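So this block is run.csv, CSV, C-alpha atoms:
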chain,number,residue,atom,x,y,z
M,1,MET,CA,89.1,35.8,-19.4
M,2,PHE,CA,89.4,32.9,-21.8
M,3,GLU,CA,93.2,33.5,-22.1
M,4,ARG,CA,93.5,32.3,-18.5
M,5,LEU,CA,92.2,28.9,-19.6
M,6,ASN,CA,95.0,28.4,-22.2
M,7,PRO,CA,97.3,25.7,-21.0
M,8,GLN,CA,100.3,27.3,-22.8
M,9,ASN,CA,100.1,30.2,-20.3
M,10,TRP,CA,100.2,28.1,-17.1
M,11,ASN,CA,103.9,26.8,-16.9
M,12,LEU,CA,102.9,24.4,-14.1
M,13,SER,CA,104.9,21.5,-12.7
M,14,TRP,CA,103.5,18.0,-12.0
M,15,THR,CA,103.8,18.7,-8.3
M,16,ALA,CA,101.5,21.7,-8.5
M,17,LEU,CA,99.0,19.8,-10.6
M,18,ALA,CA,99.0,16.9,-8.0
M,19,GLU,CA,98.5,19.3,-5.1
M,20,ALA,CA,95.7,21.0,-7.0
M,21,ALA,CA,94.1,17.7,-7.7
M,22,VAL,CA,94.3,16.6,-4.1
M,23,ALA,CA,92.9,19.9,-2.8
M,24,LEU,CA,90.1,19.7,-5.4
M,25,PHE,CA,89.2,16.2,-4.3
M,26,ILE,CA,89.2,17.1,-0.6
M,27,ALA,CA,87.0,20.1,-1.3
M,28,ILE,CA,84.5,18.2,-3.3
M,29,ALA,CA,84.4,15.3,-0.8
M,30,LEU,CA,83.8,17.7,2.1
M,31,ALA,CA,81.0,19.4,0.2
M,32,TRP,CA,79.4,16.1,-0.5
M,33,LEU,CA,79.7,15.1,3.1
M,34,ILE,CA,78.1,18.3,4.3
M,35,TYR,CA,75.3,17.9,1.7
M,36,ARG,CA,74.6,14.3,2.9
M,37,VAL,CA,74.6,15.2,6.6
M,38,ALA,CA,72.5,18.4,6.1
M,39,PHE,CA,69.9,16.7,4.0
M,40,ALA,CA,69.7,13.7,6.3
M,41,ILE,CA,68.8,16.1,9.1
M,42,VAL,CA,66.3,17.9,6.9
M,43,HIS,CA,64.7,14.6,5.8
M,44,ARG,CA,64.4,13.6,9.4
M,45,LEU,CA,62.6,16.9,10.2
M,46,VAL,CA,60.4,16.7,7.2
M,47,SER,CA,59.4,13.1,8.0
M,48,THR,CA,57.8,14.4,11.2
M,49,SER,CA,55.7,16.9,9.4
M,50,LYS,CA,52.1,16.0,8.4
M,51,SER,CA,52.2,18.3,5.3
M,52,ALA,CA,53.4,17.0,2.0
M,53,VAL,CA,54.5,20.4,1.0
M,54,ASP,CA,57.7,20.3,3.0
M,55,ASN,CA,58.9,17.1,1.4
M,56,LEU,CA,58.0,18.5,-2.0
M,57,VAL,CA,60.1,21.6,-1.5
M,58,VAL,CA,63.1,19.6,-0.2
M,59,GLN,CA,63.0,17.2,-3.2
M,60,ARG,CA,63.0,20.1,-5.6
M,61,ILE,CA,65.9,22.1,-4.1
M,62,ARG,CA,68.2,19.2,-3.2
M,63,HIS,CA,70.0,19.0,-6.5
M,64,PRO,CA,70.7,22.7,-7.0
M,65,ILE,CA,71.8,22.9,-3.4
M,66,LYS,CA,74.2,20.0,-3.8
M,67,TRP,CA,75.9,21.6,-6.8
M,68,SER,CA,76.0,25.0,-5.1
M,69,LEU,CA,77.8,23.5,-2.1
M,70,ILE,CA,80.3,21.9,-4.5
M,71,ALA,CA,80.8,25.2,-6.2
M,72,ILE,CA,81.4,27.0,-2.9
M,73,ALA,CA,83.9,24.3,-1.9
M,74,ILE,CA,85.8,24.7,-5.1
M,75,THR,CA,85.8,28.4,-4.7
M,76,LEU,CA,87.3,28.1,-1.2
M,77,ALA,CA,89.9,25.7,-2.5
M,78,ALA,CA,90.8,28.1,-5.3
M,79,GLN,CA,91.5,30.8,-2.8
M,80,GLY,CA,94.4,28.7,-1.4
M,81,ASP,CA,95.6,27.1,-4.6
M,82,PRO,CA,96.5,29.4,-7.6
M,83,THR,CA,96.4,26.4,-10.0
M,84,ILE,CA,92.7,25.7,-9.2
M,85,ALA,CA,92.0,29.5,-9.3
M,86,ARG,CA,93.3,29.7,-12.9
M,87,VAL,CA,90.8,27.2,-14.1
M,88,TRP,CA,87.9,27.8,-11.7
M,89,GLU,CA,87.5,31.5,-11.6
M,90,PRO,CA,86.7,32.0,-15.3
M,91,LEU,CA,84.2,29.2,-15.2
M,92,ALA,CA,82.7,30.4,-11.9
M,93,GLN,CA,81.7,33.6,-13.5
M,94,PHE,CA,79.2,31.7,-15.6
M,95,LEU,CA,78.3,29.0,-13.0
M,96,ARG,CA,77.5,31.3,-10.0
M,97,PRO,CA,74.5,33.1,-11.7
M,98,ALA,CA,73.4,29.8,-13.3
M,99,LEU,CA,73.3,28.1,-9.9
M,100,LEU,CA,71.5,31.0,-8.3
M,101,GLY,CA,69.0,31.0,-11.1
M,102,TRP,CA,68.6,27.2,-10.8
M,103,ILE,CA,67.8,27.5,-7.1
M,104,ALA,CA,65.3,30.3,-7.6
M,105,TYR,CA,63.6,28.3,-10.4
M,106,ALA,CA,63.4,25.2,-8.2
M,107,LEU,CA,61.9,27.1,-5.4
M,108,VAL,CA,59.3,28.6,-7.7
M,109,LYS,CA,58.3,25.2,-9.1
M,110,ALA,CA,58.2,23.7,-5.6
M,111,PHE,CA,55.9,26.3,-4.2
M,112,THR,CA,53.8,26.1,-7.4
M,113,LEU,CA,53.3,22.4,-6.9
M,114,ALA,CA,52.7,22.9,-3.2
M,115,MET,CA,49.9,25.4,-3.8
M,116,GLU,CA,48.3,23.1,-6.5
M,117,LEU,CA,48.3,20.2,-4.0
M,118,ARG,CA,46.4,22.4,-1.5
M,119,LEU,CA,43.9,23.2,-4.2
M,120,ASP,CA,43.0,19.5,-4.6
M,121,ALA,CA,41.5,19.5,-1.1
M,122,ALA,CA,39.3,22.5,-1.8
M,123,VAL,CA,35.5,22.0,-2.4
M,124,ASP,CA,34.5,25.2,-4.2
M,125,ALA,CA,35.1,24.5,-7.9
M,126,VAL,CA,35.0,28.2,-8.9
M,127,ALA,CA,37.6,29.1,-6.2
M,128,VAL,CA,39.8,26.2,-7.4
M,129,ARG,CA,39.8,27.4,-11.0
M,130,SER,CA,40.5,31.0,-9.9
M,131,ARG,CA,43.5,30.1,-7.7
M,132,ARG,CA,44.9,27.6,-10.3
M,133,THR,CA,44.7,30.4,-13.0
M,134,ARG,CA,46.6,32.8,-10.8
M,135,ILE,CA,49.2,30.2,-9.8
M,136,ALA,CA,49.8,29.2,-13.5
M,137,ILE,CA,50.2,32.8,-14.7
M,138,LEU,CA,52.3,34.1,-11.8
M,139,SER,CA,54.6,31.0,-11.9
M,140,ARG,CA,55.2,31.4,-15.6
M,141,THR,CA,55.9,35.1,-15.1
M,142,ALA,CA,58.4,34.3,-12.3
M,143,THR,CA,60.1,31.7,-14.4
M,144,PHE,CA,60.5,34.1,-17.3
M,145,ALA,CA,62.0,36.7,-15.0
M,146,ILE,CA,64.4,34.2,-13.5
M,147,VAL,CA,65.6,32.9,-16.8
M,148,PHE,CA,65.9,36.4,-18.3
M,149,ILE,CA,67.9,37.7,-15.3
M,150,THR,CA,70.1,34.6,-15.1
M,151,VAL,CA,71.0,34.7,-18.8
M,152,GLY,CA,71.7,38.4,-18.6
M,153,LEU,CA,74.1,38.0,-15.6
M,154,MET,CA,75.9,35.1,-17.4
M,155,LEU,CA,76.3,37.1,-20.6
M,156,PHE,CA,77.6,40.2,-18.8
M,157,THR,CA,80.6,38.2,-17.6
M,158,ILE,CA,81.9,38.3,-21.2
M,159,PRO,CA,84.0,41.4,-21.8
M,160,ALA,CA,82.6,41.9,-25.3
M,161,VAL,CA,79.1,41.9,-23.9
M,162,GLN,CA,80.1,44.3,-21.1
M,163,SER,CA,81.4,46.8,-23.7
M,164,ILE,CA,78.2,46.5,-25.7
M,165,GLY,CA,76.3,47.1,-22.5
M,166,ALA,CA,78.3,50.2,-21.7
M,167,THR,CA,77.7,51.5,-25.2
M,168,LEU,CA,74.0,50.9,-24.8
M,169,LEU,CA,73.9,52.7,-21.4
M,170,ALA,CA,75.7,55.6,-23.0
M,171,SER,CA,72.9,56.0,-25.5
M,172,ALA,CA,70.1,55.0,-23.1
M,173,GLY,CA,67.4,57.0,-24.8
M,174,LEU,CA,67.8,55.4,-28.2
M,175,ALA,CA,68.3,52.0,-26.7
M,176,ALA,CA,65.2,52.3,-24.7
M,177,LEU,CA,63.2,53.2,-27.8
M,178,ALA,CA,64.7,50.4,-29.8
M,179,VAL,CA,64.1,47.8,-27.1
M,180,GLY,CA,60.7,49.1,-26.4
M,181,ALA,CA,59.7,48.9,-30.1
M,182,ALA,CA,61.1,45.4,-30.5
M,183,ALA,CA,59.7,44.0,-27.3
M,184,GLN,CA,56.2,45.6,-27.6
M,185,PRO,CA,54.5,42.3,-28.5
M,186,ALA,CA,56.2,40.4,-25.7
M,187,LEU,CA,55.5,43.2,-23.2
M,188,LYS,CA,51.9,43.4,-24.3
M,189,SER,CA,51.4,39.6,-23.8
M,190,LEU,CA,53.2,39.8,-20.4
M,191,ILE,CA,50.9,42.7,-19.2
M,192,ALA,CA,47.8,40.9,-20.6
M,193,GLY,CA,48.7,37.7,-18.7
M,194,LEU,CA,49.2,39.6,-15.5
M,195,GLN,CA,45.9,41.4,-16.0
M,196,ILE,CA,44.1,38.1,-16.5
M,197,ALA,CA,45.7,36.8,-13.3
M,198,VAL,CA,44.5,39.8,-11.3
M,199,THR,CA,41.1,40.6,-12.8
M,200,GLU,CA,40.2,37.0,-13.8
M,201,PRO,CA,37.9,37.6,-16.8
M,202,LEU,CA,38.5,33.8,-17.4
M,203,ARG,CA,40.1,30.9,-15.5
M,204,LEU,CA,41.3,27.5,-16.2
M,205,GLY,CA,38.4,25.2,-16.9
M,206,ASP,CA,35.9,28.0,-17.8
M,207,MET,CA,33.5,27.4,-20.7
M,208,VAL,CA,34.0,30.3,-23.1
M,209,VAL,CA,32.8,31.3,-26.6
M,210,VAL,CA,35.4,33.2,-28.6
M,211,ASP,CA,35.5,33.8,-32.3
M,212,GLY,CA,32.5,31.5,-32.7
M,213,HIS,CA,34.3,28.6,-30.9
M,214,THR,CA,32.8,27.1,-27.7
M,215,GLY,CA,35.1,25.2,-25.4
M,216,ARG,CA,37.0,24.9,-22.1
M,217,VAL,CA,40.0,27.0,-21.2
M,218,GLU,CA,42.7,24.3,-21.1
M,219,GLU,CA,46.0,26.3,-20.8
M,220,ILE,CA,46.8,30.0,-20.1
M,221,HIS,CA,50.2,31.2,-21.3
M,222,MET,CA,51.7,34.7,-21.4
M,223,ALA,CA,51.3,34.9,-25.2
M,224,PHE,CA,48.3,32.7,-25.9
M,225,ILE,CA,45.4,30.8,-24.4
M,226,ILE,CA,44.3,27.3,-25.6
M,227,VAL,CA,40.6,26.6,-25.7
M,228,ARG,CA,39.6,22.9,-26.2
M,229,THR,CA,36.3,22.6,-28.1
M,230,TRP,CA,33.8,19.7,-27.8
M,231,ASP,CA,35.2,17.9,-30.8
M,232,GLU,CA,38.7,18.0,-29.2
M,233,ARG,CA,40.1,20.8,-31.4
M,234,ALA,CA,42.6,23.1,-29.7
M,235,VAL,CA,41.8,26.8,-30.5
M,236,VAL,CA,44.8,29.0,-29.9
M,237,VAL,CA,43.8,32.6,-29.1
M,238,PRO,CA,46.2,35.5,-28.3
M,239,THR,CA,46.0,36.5,-24.6
M,240,ALA,CA,45.5,40.2,-25.4
M,241,ARG,CA,42.4,39.2,-27.5
M,242,PHE,CA,40.4,38.4,-24.3
M,243,LEU,CA,41.1,41.9,-23.0
M,244,GLU,CA,40.7,43.9,-26.2
M,245,GLU,CA,37.5,42.3,-27.5
M,246,SER,CA,34.4,40.8,-26.0
M,247,PHE,CA,33.8,37.1,-25.4
M,248,GLU,CA,31.3,34.9,-23.6
M,249,ASN,CA,32.2,33.2,-20.3
M,250,TRP,CA,29.5,30.6,-19.4
M,251,SER,CA,31.0,29.6,-16.0
M,252,ARG,CA,32.3,32.9,-14.6
M,253,THR,CA,30.8,32.4,-11.2
M,254,SER,CA,29.2,29.0,-11.5
M,255,GLU,CA,28.0,26.5,-14.1
M,256,VAL,CA,24.4,26.8,-13.3
M,257,LEU,CA,22.7,28.0,-16.5
M,258,THR,CA,19.4,28.3,-18.3
M,259,GLY,CA,19.2,27.3,-21.9
M,260,PRO,CA,16.5,27.5,-24.6
M,261,VAL,CA,14.9,25.0,-26.9
M,262,PHE,CA,13.0,26.5,-29.9
M,263,LEU,CA,10.0,25.0,-31.6
M,264,HIS,CA,8.6,26.4,-34.9
M,265,LEU,CA,5.0,25.4,-35.3
M,266,ASP,CA,1.9,26.1,-37.2
M,267,PRO,CA,0.1,29.4,-36.2
M,268,ALA,CA,-3.1,27.4,-35.4
M,269,THR,CA,-1.3,25.4,-32.7
M,270,GLU,CA,-2.7,25.4,-29.2
M,271,VAL,CA,0.1,26.3,-26.8
M,272,ALA,CA,-1.5,25.2,-23.5
M,273,PRO,CA,-1.2,21.4,-24.1
M,274,ILE,CA,2.4,21.8,-25.2
M,275,ARG,CA,3.2,23.8,-22.0
M,276,ALA,CA,1.6,21.2,-19.9
M,277,GLU,CA,3.6,18.4,-21.5
M,278,VAL,CA,6.9,20.3,-21.3
M,279,GLU,CA,6.3,20.9,-17.5
M,280,ARG,CA,5.5,17.3,-17.0
M,281,TYR,CA,8.4,15.9,-18.9
M,282,VAL,CA,11.0,18.3,-17.5
M,283,GLY,CA,9.7,17.9,-14.0
M,284,GLU,CA,10.4,14.2,-14.1
M,285,HIS,CA,13.8,14.4,-15.8
M,286,GLU,CA,16.8,13.6,-13.6
M,287,LEU,CA,19.0,16.4,-15.2
M,288,TRP,CA,16.6,19.3,-14.3
M,289,ASP,CA,17.8,21.3,-11.2
M,290,LYS,CA,14.2,22.4,-10.4
M,291,ARG,CA,14.9,26.1,-11.0
M,292,THR,CA,13.5,27.1,-14.4
M,293,VAL,CA,11.0,25.6,-16.8
M,294,ALA,CA,8.9,27.8,-19.0
M,295,VAL,CA,7.2,27.9,-22.4
M,296,LEU,CA,6.8,31.3,-24.1
M,297,MET,CA,5.7,32.3,-27.6
M,298,THR,CA,8.5,34.6,-28.6
M,299,LYS,CA,7.6,35.2,-32.3
M,300,ALA,CA,4.4,35.0,-34.4
M,301,HIS,CA,4.5,35.1,-38.2
M,302,PRO,CA,1.7,34.5,-40.8
M,303,GLU,CA,3.2,31.1,-41.7
M,304,SER,CA,4.6,30.0,-38.3
M,305,ILE,CA,5.0,30.7,-34.6
M,306,GLU,CA,8.1,30.3,-32.4
M,307,LEU,CA,7.9,28.7,-28.9
M,308,ARG,CA,10.9,29.1,-26.6
M,309,ILE,CA,11.2,26.4,-24.0
M,310,SER,CA,13.5,27.5,-21.1
M,311,VAL,CA,15.1,24.8,-18.9
M,312,SER,CA,17.9,24.9,-16.3
M,313,ALA,CA,20.5,22.5,-15.0
M,314,SER,CA,23.3,22.4,-12.5
M,315,THR,CA,26.2,22.1,-15.0
M,316,ILE,CA,26.8,23.1,-18.6
M,317,GLY,CA,27.0,19.5,-19.7
M,318,ASN,CA,23.8,18.5,-18.0
M,319,LEU,CA,22.1,21.5,-19.6
M,320,TRP,CA,23.2,20.5,-23.1
M,321,ASN,CA,21.9,16.9,-22.6
M,322,LEU,CA,18.7,18.2,-21.1
M,323,ARG,CA,18.0,20.5,-24.0
M,324,CYS,CA,18.6,17.7,-26.5
M,325,ALA,CA,16.3,15.4,-24.6
M,326,VAL,CA,13.5,18.0,-24.4
M,327,ARG,CA,13.9,18.8,-28.1
M,328,GLU,CA,13.7,15.1,-29.1
M,329,HIS,CA,10.8,14.3,-26.8
M,330,MET,CA,8.7,17.3,-27.9
M,331,ILE,CA,9.1,16.5,-31.6
M,332,GLY,CA,8.0,13.0,-31.0
M,333,TRP,CA,5.1,14.0,-28.7
M,334,LEU,CA,3.9,16.5,-31.3
M,335,ARG,CA,4.1,13.9,-34.1
M,336,GLU,CA,1.9,11.5,-32.1
M,337,ASN,CA,-0.5,13.9,-30.3
M,338,MET,CA,-0.6,17.1,-32.3
M,339,PRO,CA,0.5,16.3,-35.8
M,340,ASP,CA,-1.3,19.4,-37.3
M,341,ALA,CA,1.1,21.6,-35.2
M,342,LEU,CA,4.1,20.5,-37.3
M,343,ILE,CA,4.8,22.7,-40.3
M,344,ARG,CA,4.8,20.8,-43.6
M,345,HIS,CA,6.2,22.0,-46.9
M,346,ARG,CA,5.6,18.9,-49.0
M,347,LEU,CA,4.1,18.4,-52.5
M,348,GLU,CA,1.9,15.4,-52.0
M,349,VAL,CA,1.1,14.6,-55.7
M,350,GLU,CA,-0.4,11.2,-55.1
M,351,SER,CA,-2.8,12.2,-52.4
M,352,ALA,CA,-3.8,15.3,-54.5
M,353,ASN,CA,-4.6,13.1,-57.5
M,354,GLU,CA,-6.7,10.8,-55.4
M,355,ARG,CA,-8.7,13.7,-54.1
M,356,VAL,CA,-9.3,15.0,-57.7
M,357,LYS,CA,-10.4,11.5,-58.8
M,358,GLY,CA,-12.8,11.2,-55.9
Mind converting the file's structure to structure tokens?
Amino acid sequence: MFERLNPQNWNLSWTALAEAAVALFIAIALAWLIYRVAFAIVHRLVSTSKSAVDNLVVQRIRHPIKWSLIAIAITLAAQGDPTIARVWEPLAQFLRPALLGWIAYALVKAFTLAMELRLDAAVDAVAVRSRRTRIAILSRTATFAIVFITVGLMLFTIPAVQSIGATLLASAGLAALAVGAAAQPALKSLIAGLQIAVTEPLRLGDMVVVDGHTGRVEEIHMAFIIVRTWDERAVVVPTARFLEESFENWSRTSEVLTGPVFLHLDPATEVAPIRAEVERYVGEHELWDKRTVAVLMTKAHPESIELRISVSASTIGNLWNLRCAVREHMIGWLRENMPDALIRHRLEVESANERVKG
């Protein structure tokens, strides 16, 4: 194939080169003219549409379509001019699959952006996260398939690669085992990504706890998932990890949660006044969603008791702030109104000496 591109094998005259140049110029000019006229009509039609999706798709595919029309025009010119054919045909074997892959890639990206635009108008936050997760995973899968197939078609235009491919097909059993063993991690990640897209154990924006890290799912890739923690650290977790081991998802269906606040007090503490104060304070707090407020004694030891205050909020962030506010208020209230309820482990030497002297 590459020997045809060697100028020493051409033996062309200046007349043939001039004719080839003129034919090539005319073909490219006609292709450009067809492209301009066609897209002028398309833009006129798109401008009458109320949807922004049509314009987005047209903008994405206009460049690959333009170069594809030019390639088709050169191919038609090469059929009538052997000089152009000598140069173009070897190159076209690479360019044709590349252009087809470019068009397919542009269409996938255009429809991905179009579906994301439609999600912005949705009201249900859980449904938006669900659809955005599926769109992200499926678009990455389609992109990977397009790139893989395009590169494979381009490589198989090389005679040496074709001979290698024939050899591999002759020993298909051994090749399948070798390729399967080598590609096992990639295939495992691909299957895990597709499973997450279909079953949705987690979605973009979900609050999860994995390996002791609590954060929001920021990105979902075929091989890994990025969880952004509260202190802005990015925790990279393999995709298969979420399918093989357990993890916590705090916003699977909604962000409405109930959280605890624990108080460790003296065993002689009266619980009724504390329960009344908790109900009064939480009932007046703006972050409480009016679902749950309760005070229960969950543990009793000879040296202490444990009170669990349960409160609820409409979002995970509101619940965290409400729990912190309740904890701070109750410690201050106990310090002022029931100081004997607070457990002390201090060695008060000065007061002990005063009592002895008295």
For M:Ile135: contacts at 8 Å, all atoms listed in the file, fewer than 3 positions along chain excluded, given as a list of chain:residue names: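 Contacts, in chain order: M:Thr112, M:Met115, M:Glu116, M:Arg131, M:Arg132, M:Leu138, M:Ser139.
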Selection as a ChimeraX atom specification: residues within 10 Å of (31.5, 16.2, -25.9), counting only C-alpha atoms: /M:215,229-232,317,320
Using C-alpha atoms, can you write the selected residues to a file as a short mmCIF file (atom, residue, chain, number, x, y, z; two decimals), keeping the file's coordinate frame?
data_model
loop_
_atom_site.label_atom_id
_atom_site.label_comp_id
_atom_site.auth_asym_id
_atom_site.auth_seq_id
_atom_site.Cartn_x
_atom_site.Cartn_y
_atom_site.Cartn_z
CA GLY M 215 35.10 25.20 -25.40
CA THR M 229 36.30 22.60 -28.10
CA TRP M 230 33.80 19.70 -27.80
CA ASP M 231 35.20 17.90 -30.80
CA GLU M 232 38.70 18.00 -29.20
CA GLY M 317 27.00 19.50 -19.70
CA TRP M 320 23.20 20.50 -23.10
#
For M:Val256: contacts at 8 Å, all atoms listed in the file, fewer than 2 positions along chain excluded, given as a PyMOL selection string: chain M and resi 251+254+258+312-316
Kindly export the residues of the current selection with C-alpha atoms, as a compact mmCIF listing (two decimals), in the frame of the given file.
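out.txt written:
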# COMPACT_ATOMS: atom_id res chain seq x y z
CA SER M 251 31.00 29.60 -16.00
CA SER M 254 29.20 29.00 -11.50
CA THR M 258 19.40 28.30 -18.30
CA SER M 312 17.90 24.90 -16.30
CA ALA M 313 20.50 22.50 -15.00
CA SER M 314 23.30 22.40 -12.50
CA THR M 315 26.20 22.10 -15.00
CA ILE M 316 26.80 23.10 -18.60
Pick from M:Ala145, M:Leu307, M:Val151, M:Ala192 nearest to M:Leu243, counting only C-alpha atoms: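 Checking each candidate against M:Leu243, we get M:Ala192 as the closest.
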Between atom CA of M:Ile137 and atom CA of M:Lys66 - distance in Å to one decimal: 29.3 Å
Å distance separating atom CA of M:Met154 from atom CA of M:Trp67, one decimal place: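 According to the coordinates, atom CA of M:Met154 and atom CA of M:Trp67 are separated by 17.2 Å.
Across the model, the gap from atom CA of M:Ala110 to atom CA of M:Gly205 is 22.8 Å.
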Long-range neighbours of M:Val208 as a PyMOL selection string, 7 Å cut-off, all atoms listed in the file, 3 positions minimum in chain: chain M and resi 214-216+248-250
What would the file look like if the residues just selected were written as a CSV table (one decimal), in the coordinates of the input with C-alpha atoms?
chain,number,residue,atom,x,y,z
M,214,THR,CA,32.8,27.1,-27.7
M,215,GLY,CA,35.1,25.2,-25.4
M,216,ARG,CA,37.0,24.9,-22.1
M,248,GLU,CA,31.3,34.9,-23.6
M,249,ASN,CA,32.2,33.2,-20.3
M,250,TRP,CA,29.5,30.6,-19.4
Long-range neighbours of M:Thr239 as an NGL selection string, 6 Å cut-off, all atoms listed in the file, 6 positions minimum in chain: :M and (223-225)
Pull C-alpha atoms from the residues just selected and write them as an mmCIF file, in the frame of the given file.
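Result written to selection_3.cif:
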data_model
loop_
_atom_site.group_PDB
_atom_site.id
_atom_site.type_symbol
_atom_site.label_atom_id
_atom_site.label_comp_id
_atom_site.auth_asym_id
_atom_site.auth_seq_id
_atom_site.Cartn_x
_atom_site.Cartn_y
_atom_site.Cartn_z
ATOM 1 C CA ALA M 223 51.300 34.900 -25.200
ATOM 2 C CA PHE M 224 48.300 32.700 -25.900
ATOM 3 C CA ILE M 225 45.400 30.800 -24.400
#
Residues within 12 Å of M:Pro339, only C-alpha atoms, excluding chain neighbours under 3 positions, as a ChimeraX atom specification: /M:265-266,268-270,330-336,342-344
